[in-house]
file data00.tsv (TSV, C-alpha atoms and all ligand atoms)
chain	number	residue	atom	x	y	z
A	165	MET	CA	144.95	-45.95	-34.24
A	166	LYS	CA	142.95	-46.13	-37.44
A	167	PHE	CA	139.31	-45.07	-37.25
A	168	LEU	CA	136.82	-44.54	-40.02
A	169	SER	CA	136.06	-40.83	-40.44
A	170	LEU	CA	132.56	-39.63	-41.25
A	171	TYR	CA	133.85	-38.50	-44.64
A	172	GLU	CA	135.05	-42.04	-45.34
A	173	VAL	CA	131.69	-43.36	-44.15
A	174	SER	CA	129.81	-41.28	-46.69
A	175	GLN	CA	132.24	-42.31	-49.45
A	176	ILE	CA	131.87	-45.98	-48.71
A	177	ILE	CA	128.10	-45.97	-48.15
A	178	ASN	CA	127.81	-45.15	-51.85
A	179	ARG	CA	129.18	-48.56	-52.72
A	180	CYS	CA	126.73	-50.70	-50.75
A	181	ASP	CA	123.14	-51.88	-51.11
A	182	ALA	CA	122.37	-51.78	-47.37
A	183	ILE	CA	124.15	-50.91	-44.14
A	184	ILE	CA	124.54	-53.28	-41.21
A	185	GLU	CA	125.07	-51.11	-38.14
A	186	VAL	CA	126.46	-53.18	-35.28
A	187	VAL	CA	125.53	-52.22	-31.70
A	188	GLU	CA	126.03	-54.45	-28.68
A	189	ALA	CA	122.86	-55.98	-27.27
A	190	ARG	CA	124.11	-54.92	-23.81
A	191	ASN	CA	123.66	-51.24	-24.52
A	192	PRO	CA	122.28	-50.64	-28.01
A	193	ILE	CA	120.92	-47.12	-27.54
A	194	SER	CA	124.31	-45.74	-26.47
A	195	LEU	CA	126.03	-47.42	-29.39
A	196	ILE	CA	123.74	-46.27	-32.19
A	197	ASP	CA	125.58	-43.62	-34.17
A	198	THR	CA	123.00	-41.03	-35.17
A	199	ARG	CA	125.55	-39.43	-37.51
A	200	ILE	CA	125.51	-42.60	-39.61
A	201	GLU	CA	121.73	-42.61	-39.59
A	202	LYS	CA	121.77	-39.10	-41.07
A	203	ILE	CA	124.26	-39.99	-43.80
A	204	ALA	CA	122.33	-43.15	-44.65
A	205	LYS	CA	119.06	-41.26	-44.87
A	206	ARG	CA	120.60	-38.64	-47.14
A	207	MET	CA	121.95	-41.33	-49.42
A	208	GLY	CA	118.76	-43.39	-49.37
A	209	LYS	CA	120.37	-46.49	-47.84
A	210	GLU	CA	118.61	-48.82	-45.44
A	211	ILE	CA	120.13	-49.53	-42.01
A	212	ILE	CA	119.81	-53.01	-40.55
A	213	LEU	CA	120.67	-53.07	-36.85
A	214	VAL	CA	122.58	-56.05	-35.51
A	215	LEU	CA	122.33	-56.46	-31.72
A	216	SER	CA	125.69	-58.17	-31.29
A	217	LYS	CA	127.13	-60.31	-28.47
A	218	SER	CA	123.61	-61.34	-27.52
A	219	ASP	CA	125.09	-64.16	-25.38
A	220	LEU	CA	126.00	-61.42	-22.86
A	221	VAL	CA	122.34	-60.59	-22.15
A	222	PRO	CA	119.36	-62.77	-21.21
A	223	ARG	CA	117.54	-63.98	-24.32
A	224	ASN	CA	114.32	-62.13	-23.46
A	225	ILE	CA	116.22	-58.83	-23.19
A	226	CYS	CA	117.57	-59.11	-26.71
A	227	LEU	CA	114.10	-60.02	-27.98
A	228	GLU	CA	112.67	-56.98	-26.17
A	229	TRP	CA	115.23	-54.78	-27.90
A	230	GLN	CA	114.36	-56.36	-31.24
A	231	GLU	CA	110.72	-55.53	-30.66
A	232	TYR	CA	111.56	-52.03	-29.42
A	233	PHE	CA	113.35	-51.23	-32.68
A	234	ARG	CA	110.79	-52.98	-34.88
A	235	ASP	CA	108.06	-50.83	-33.27
A	236	ARG	CA	110.10	-47.86	-34.48
A	237	GLY	CA	110.39	-49.16	-38.04
A	238	ILE	CA	113.96	-50.46	-37.71
A	239	VAL	CA	114.94	-54.01	-38.59
A	240	ALA	CA	116.94	-55.33	-35.64
A	241	ILE	CA	118.48	-58.78	-35.33
A	242	CYS	CA	119.99	-60.53	-32.28
A	243	PHE	CA	123.35	-62.08	-33.09
A	244	SER	CA	126.04	-63.93	-31.22
A	245	THR	CA	129.13	-65.68	-32.50
A	246	VAL	CA	128.57	-68.39	-29.89
A	247	ILE	CA	124.90	-69.04	-30.68
A	248	LYS	CA	124.89	-71.20	-33.83
A	249	SER	CA	121.20	-70.66	-34.60
A	250	SER	CA	121.68	-66.88	-34.64
A	251	ILE	CA	124.47	-67.24	-37.22
A	252	SER	CA	122.45	-69.38	-39.62
A	253	ARG	CA	119.39	-67.16	-39.13
A	254	PHE	CA	121.38	-64.04	-39.98
A	255	LYS	CA	122.96	-65.68	-43.02
A	256	ARG	CA	119.50	-66.61	-44.31
A	257	PHE	CA	118.33	-63.07	-43.65
A	258	LEU	CA	121.19	-61.63	-45.73
A	259	VAL	CA	120.41	-63.95	-48.64
A	260	GLU	CA	116.68	-63.18	-48.60
A	261	HIS	CA	116.72	-59.49	-47.72
A	262	ILE	CA	118.23	-58.23	-50.99
A	263	GLU	CA	117.28	-59.90	-54.26
A	264	LYS	CA	119.86	-58.27	-56.50
A	265	ARG	CA	123.12	-60.15	-57.12
A	266	PRO	CA	125.79	-59.46	-56.24
A	267	ALA	CA	124.50	-57.85	-53.02
A	268	TYR	CA	126.84	-55.67	-50.97
A	269	TYR	CA	126.27	-55.11	-47.26
A	270	LEU	CA	128.39	-52.57	-45.39
A	271	LEU	CA	129.33	-53.40	-41.78
A	272	ILE	CA	129.67	-50.30	-39.69
A	273	GLY	CA	129.77	-49.34	-36.00
A	274	TYR	CA	131.90	-48.03	-33.18
A	275	PRO	CA	135.17	-49.82	-32.33
A	276	LYS	CA	134.98	-53.27	-30.74
A	277	VAL	CA	131.26	-53.93	-31.16
A	278	GLY	CA	132.07	-57.21	-32.96
A	279	LYS	CA	131.94	-56.31	-36.67
A	280	SER	CA	134.80	-58.49	-37.89
A	281	SER	CA	133.69	-61.36	-35.64
A	282	ILE	CA	130.36	-61.40	-37.50
A	283	ILE	CA	132.22	-62.02	-40.77
A	284	ASN	CA	134.21	-64.87	-39.23
A	285	ALA	CA	131.07	-66.44	-37.79
A	286	LEU	CA	129.25	-66.21	-41.11
A	287	LYS	CA	132.19	-67.64	-43.04
A	288	GLY	CA	132.71	-70.38	-40.46
A	289	TYR	CA	136.42	-69.73	-40.01
A	290	LYS	CA	138.69	-66.89	-38.95
A	291	SER	CA	139.13	-64.71	-41.95
A	292	ALA	CA	138.90	-61.14	-40.62
A	293	PRO	CA	141.29	-60.01	-37.85
A	294	THR	CA	139.68	-59.27	-34.47
A	295	SER	CA	140.85	-58.06	-31.05
A	296	PRO	CA	139.34	-57.38	-27.62
A	297	TYR	CA	140.24	-53.71	-26.99
A	298	PRO	CA	140.42	-50.51	-29.02
A	299	GLY	CA	143.70	-50.45	-30.93
A	300	SER	CA	144.93	-53.82	-29.55
A	301	PRO	CA	146.67	-56.02	-32.17
A	302	GLY	CA	144.12	-57.34	-34.65
A	303	TYR	CA	141.78	-54.38	-34.79
A	304	THR	CA	140.50	-53.56	-38.27
A	305	LYS	CA	142.66	-50.98	-40.04
A	306	GLY	CA	141.27	-50.94	-43.56
A	307	VAL	CA	138.19	-51.54	-45.67
A	308	GLN	CA	137.95	-55.12	-46.88
A	309	LEU	CA	135.45	-57.05	-48.97
A	310	TYR	CA	134.45	-60.58	-47.92
A	311	LEU	CA	132.43	-63.16	-49.83
A	312	ILE	CA	129.94	-64.72	-47.42
A	313	THR	CA	128.02	-67.02	-49.73
A	314	PRO	CA	127.72	-66.93	-53.54
A	315	GLY	CA	126.53	-63.46	-54.55
A	316	ILE	CA	126.54	-62.03	-51.01
A	317	TYR	CA	129.38	-59.74	-49.99
A	318	ILE	CA	130.08	-57.92	-46.74
A	319	ILE	CA	132.43	-54.95	-46.52
A	320	ASP	CA	134.27	-54.81	-43.18
A	321	THR	CA	135.41	-51.39	-41.96
A	322	PRO	CA	137.45	-49.96	-39.08
A	323	GLY	CA	135.45	-48.67	-36.10
A	324	VAL	CA	133.87	-45.27	-36.73
A	325	LEU	CA	135.65	-42.46	-34.87
A	326	PRO	CA	133.56	-41.95	-31.71
A	327	PRO	CA	132.51	-38.36	-30.93
A	328	ILE	CA	133.50	-36.62	-27.70
A	329	THR	CA	130.52	-37.29	-25.46
A	330	ASN	CA	129.52	-37.86	-21.85
A	331	ASP	CA	128.39	-41.38	-22.69
A	332	ILE	CA	130.83	-43.74	-21.04
A	333	GLU	CA	130.02	-46.59	-23.43
A	334	VAL	CA	131.28	-44.48	-26.35
A	335	THR	CA	134.14	-42.76	-24.49
A	336	ILE	CA	135.93	-46.01	-23.63
A	337	ARG	CA	136.14	-46.85	-27.35
A	338	ARG	CA	137.85	-43.62	-28.45
A	339	GLN	CA	141.44	-44.70	-27.79
A	340	PRO	CA	143.59	-47.61	-26.64
A	341	ILE	CA	142.96	-48.18	-22.92
A	342	GLU	CA	146.63	-47.49	-22.07
A	343	MET	CA	146.19	-44.04	-23.57
A	344	ILE	CA	143.09	-42.98	-21.62
A	345	GLU	CA	144.21	-39.88	-19.72
A	346	ASN	CA	141.87	-40.06	-16.74
A	347	PRO	CA	141.11	-43.79	-16.30
A	348	VAL	CA	140.00	-43.36	-12.67
A	349	LYS	CA	137.35	-40.77	-13.55
A	350	ILE	CA	136.08	-42.90	-16.41
A	351	ALA	CA	136.14	-46.12	-14.37
A	352	ILE	CA	134.22	-44.44	-11.54
A	353	THR	CA	131.41	-43.43	-13.91
A	354	LEU	CA	131.41	-46.95	-15.33
A	355	ILE	CA	131.37	-48.54	-11.86
A	356	GLU	CA	128.47	-46.30	-10.78
A	357	ARG	CA	126.43	-47.44	-13.77
A	358	ILE	CA	127.22	-51.08	-13.13
A	359	LEU	CA	126.39	-50.73	-9.41
A	360	SER	CA	123.04	-49.16	-10.21
A	361	PHE	CA	122.36	-52.21	-12.39
A	362	ASP	CA	123.43	-54.65	-9.65
A	363	VAL	CA	125.07	-53.57	-6.42
A	364	ASN	CA	126.66	-57.03	-5.96
A	365	THR	CA	128.47	-57.16	-9.29
A	366	PHE	CA	131.95	-56.36	-7.99
A	367	ARG	CA	131.60	-58.63	-5.01
A	368	ASN	CA	130.58	-61.45	-7.33
A	369	ILE	CA	133.34	-61.10	-9.87
A	370	TYR	CA	136.31	-59.70	-7.94
A	371	ARG	CA	135.35	-60.68	-4.36
A	372	VAL	CA	135.65	-57.07	-3.13
A	373	HIS	CA	133.27	-55.89	-0.44
A	374	SER	CA	132.94	-52.13	-0.84
A	375	THR	CA	130.16	-50.60	-2.83
A	376	GLU	CA	131.80	-47.18	-3.24
A	377	PRO	CA	133.53	-46.80	-6.64
A	378	ILE	CA	136.79	-45.36	-5.32
A	379	GLU	CA	136.91	-47.91	-2.50
A	380	ILE	CA	136.33	-50.70	-4.99
A	381	LEU	CA	139.38	-49.48	-6.94
A	382	ARG	CA	141.53	-49.28	-3.80
A	383	GLU	CA	140.42	-52.65	-2.46
A	384	LEU	CA	141.03	-54.32	-5.78
A	385	ALA	CA	144.52	-52.77	-6.06
A	386	TYR	CA	145.46	-54.22	-2.65
A	387	LYS	CA	143.94	-57.54	-3.58
A	388	LYS	CA	145.94	-57.75	-6.79
A	389	GLY	CA	149.05	-56.38	-5.10
A	390	TRP	CA	149.19	-53.47	-7.54
A	391	LEU	CA	150.96	-50.91	-5.36
A	392	MET	CA	153.03	-47.89	-6.36
A	393	LYS	CA	156.76	-48.43	-5.87
A	394	LYS	CA	157.38	-45.28	-3.86
A	395	TYR	CA	154.82	-45.10	-1.02
A	396	ARG	CA	153.14	-48.51	-1.50
A	397	GLU	CA	149.92	-46.64	-2.31
A	398	PRO	CA	147.34	-48.63	-4.34
A	399	ASN	CA	147.81	-48.13	-8.09
A	400	ILE	CA	144.20	-47.23	-8.81
A	401	ASP	CA	145.04	-46.01	-12.33
A	402	GLU	CA	146.02	-49.53	-13.32
A	403	VAL	CA	142.97	-51.06	-11.62
A	404	ALA	CA	140.74	-48.53	-13.37
A	405	ARG	CA	142.16	-49.58	-16.77
A	406	ASN	CA	141.66	-53.20	-15.83
A	407	ILE	CA	137.99	-52.61	-15.03
A	408	ILE	CA	137.49	-50.83	-18.35
A	409	ARG	CA	139.09	-53.84	-20.09
A	410	ASP	CA	136.92	-56.31	-18.20
A	411	TYR	CA	133.82	-54.33	-19.11
A	412	LEU	CA	134.77	-54.31	-22.80
A	413	ASN	CA	135.55	-58.02	-22.88
A	414	GLY	CA	132.24	-58.93	-21.31
A	415	LYS	CA	133.61	-60.19	-17.99
A	416	ILE	CA	131.52	-57.68	-16.01
A	417	PRO	CA	127.82	-58.44	-16.35
A	418	PHE	CA	125.80	-55.40	-17.33
A	419	TYR	CA	122.98	-54.65	-19.73
A	420	THR	CA	120.25	-52.14	-20.38
A	421	SER	CA	116.70	-53.01	-21.37
A	422	PRO	CA	114.01	-51.06	-23.23
A	423	ARG	CA	112.22	-50.81	-19.89
A	424	SER	CA	115.22	-49.15	-18.22
A	425	ILE	CA	115.34	-46.61	-21.05
A	426	LEU	CA	111.63	-45.86	-20.74
A	427	ASP	CA	112.06	-45.53	-16.96
A	428	ASP	CA	114.81	-42.94	-17.55
A	429	VAL	CA	112.49	-41.01	-19.82
A	430	LYS	CA	109.87	-41.05	-17.08
A	431	VAL	CA	112.35	-39.78	-14.50
A	432	PHE	CA	113.44	-36.85	-16.62
A	433	LYS	CA	110.02	-35.94	-17.97
A	434	PRO	CA	108.97	-32.48	-16.66
A	435	LYS	CA	105.72	-32.63	-14.68
B	501	LIG	N1	130.81	-62.71	-25.92
B	501	LIG	C1	130.94	-62.35	-27.20
B	501	LIG	N2	132.06	-61.66	-27.59
B	501	LIG	C2	132.14	-61.31	-28.89
B	501	LIG	C3	131.12	-61.61	-29.84
B	501	LIG	N3	131.48	-61.09	-31.02
B	501	LIG	C4	132.67	-60.50	-30.84
B	501	LIG	N4	133.09	-60.64	-29.57
B	501	LIG	C5	134.35	-60.14	-28.99
B	501	LIG	O1	134.38	-58.72	-29.11
B	501	LIG	C6	135.71	-58.27	-29.35
B	501	LIG	C7	135.70	-57.32	-30.53
B	501	LIG	O2	135.44	-58.05	-31.71
B	501	LIG	P1	135.88	-57.52	-33.16
B	501	LIG	O3	135.20	-58.43	-34.14
B	501	LIG	O4	137.34	-57.36	-33.27
B	501	LIG	O5	135.18	-56.08	-33.16
B	501	LIG	P2	135.22	-54.97	-34.31
B	501	LIG	O6	133.94	-54.23	-34.22
B	501	LIG	O7	135.56	-55.60	-35.62
B	501	LIG	O8	136.42	-54.07	-33.79
B	501	LIG	P3	137.25	-52.94	-34.64
B	501	LIG	O9	137.59	-53.55	-35.97
B	501	LIG	O10	138.43	-52.65	-33.81
B	501	LIG	O11	136.33	-51.77	-34.77
B	501	LIG	C8	136.56	-59.51	-29.55
B	501	LIG	O12	137.26	-59.77	-28.34
B	501	LIG	C9	135.55	-60.60	-29.83
B	501	LIG	O13	135.98	-61.88	-29.40
B	501	LIG	C10	129.96	-62.34	-29.38
B	501	LIG	O14	129.02	-62.66	-30.11
B	501	LIG	N5	129.94	-62.67	-28.06
B	502	MG	MG	137.05	-55.19	-36.94

call {"tool": "encode", "arguments": {"input": "data00.tsv", "output": "structure tokens", "more": "lines below"}}
Ligand SMILES: Nc1nc2c(ncn2[C@@H]2O[C@H](COP(=O)(O)OP(=O)(O)OP(=O)(O)O)[C@@H](O)[C@H]2O)c(=O)[nH]1
Ligand SMILES: [Mg+2]
result
Amino acid sequence: MKFLSLYEVSQIINRCDAIIEVVEARNPISLIDTRIEKIAKRMGKEIILVLSKSDLVPRNICLEWQEYFRDRGIVAICFSTVIKSSISRFKRFLVEHIEKRPAYYLLIGYPKVGKSSIINALKGYKSAPTSPYPGSPGYTKGVQLYLITPGIYIIDTPGVLPPITNDIEVTIRRQPIEMIENPVKIAITLIERILSFDVNTFRNIYRVHSTEPIEILRELAYKKGWLMKKYREPNIDEVARNIIRDYLNGKIPFYTSPRSILDDVKVFKPK
């Protein structure tokens, strides 16, 4: 699977006028790549944050995130490929934000945050290949320049190689889902997070009744009839991969808000 290395990031940042870092509006803090911030700072390039897939969160949540970042001196913009007004607003922003022509914006971000989809939405037709999961057919393999409107170019790039981290949001983007070595462990962490957001999520979307991560996996395996050939045991590995897929493709409702982040800070603050 082709990722963008940090070395390639610093090479390519040279060629642009501003960076568009794409992070999903569902979980922007986890998806901000601080390594890119450092490179950008060193090279004197501005970062514009796009809060992508904003249709997956309530409108007020995306606006709260926008405000959260603006309070910290970062330009942040809510964007969704299915919200027409957000597309035209972003296009206008790109035209007005840089005066020089031609202007080159560099799209950057972790795998599957919706970079190439932004290009297609701005152009109004499918021009850049896209795909739902890391490494699935259609993921971006090379650096490509796209003309958005006269004088405005966007450079699409492959997802930046995610670091090894405890953050589940980043971990599930490091490799194709079929190649995740311990899908059950990863899915359990993911399920716990989703349950703490809304304990009824799995009942609502899969009609399973347990609220224990491992039991959810087992129940779902029986429900789908995914049993191991030998002892008819539930194939929880396969269910775990399926849940990771459904999370990535937006089927499982989940989002963070600036308030939840500030609450976390409060919890961990020493007295
Ligand atoms: N709901 C929703 N899904 C979106 C949106 N934008 C992109 N997606 C979906 O997100 C998935 C990833 O989109 P891509 O554009 O391929 O993401 P990418 O960041 O270019 O991925 P890589 O090139 O592999 O790094 C696809 O299944 C898209 O259909 C959006 O605004 N809303
Ligand atoms: Mg892409």

call {"tool": "residues_near_ligand", "arguments": {"input": "data00.tsv", "ligand": "ligand MG 502 (chain B)", "cutoff": "6 Å", "atoms": "all atoms listed in the file", "output": "list in words"}}
result
Lys279, Ser280, Thr294, Tyr303, Thr304 and Pro322 of chain A

call {"tool": "residues_near_ligand", "arguments": {"input": "data00.tsv", "ligand": "ligand LIG 501 (chain B)", "cutoff": "8 Å", "atoms": "only C-alpha atoms and all ligand atoms", "output": "PyMOL selection string"}}
result
chain A and resi 167+186+216-220+243-247+272-282+292-300+302-305+320-324+412-414

call {"tool": "closest_residue", "arguments": {"input": "data00.tsv", "among": "A:Ile203, A:Ile336, A:Ile352, A:Leu213", "to": "Ile184 in chain A", "atoms": "all atoms listed in the file"}}
result
A:Leu213

call {"tool": "residues_around", "arguments": {"input": "data00.tsv", "residues": "Asn178 in chain A", "least_positions_apart": "4", "cutoff": "12 Å", "atoms": "only C-alpha atoms", "output": "VMD selection string"}}
result
chain A and resid 171 to 174 182 to 183 203 to 210 268 to 270

call {"tool": "closest_residue", "arguments": {"input": "data00.tsv", "among": "A:Pro222, A:Tyr317, A:Val334, A:Ala285", "to": "Arg253 in chain A", "atoms": "all atoms listed in the file"}}
result
A:Ala285
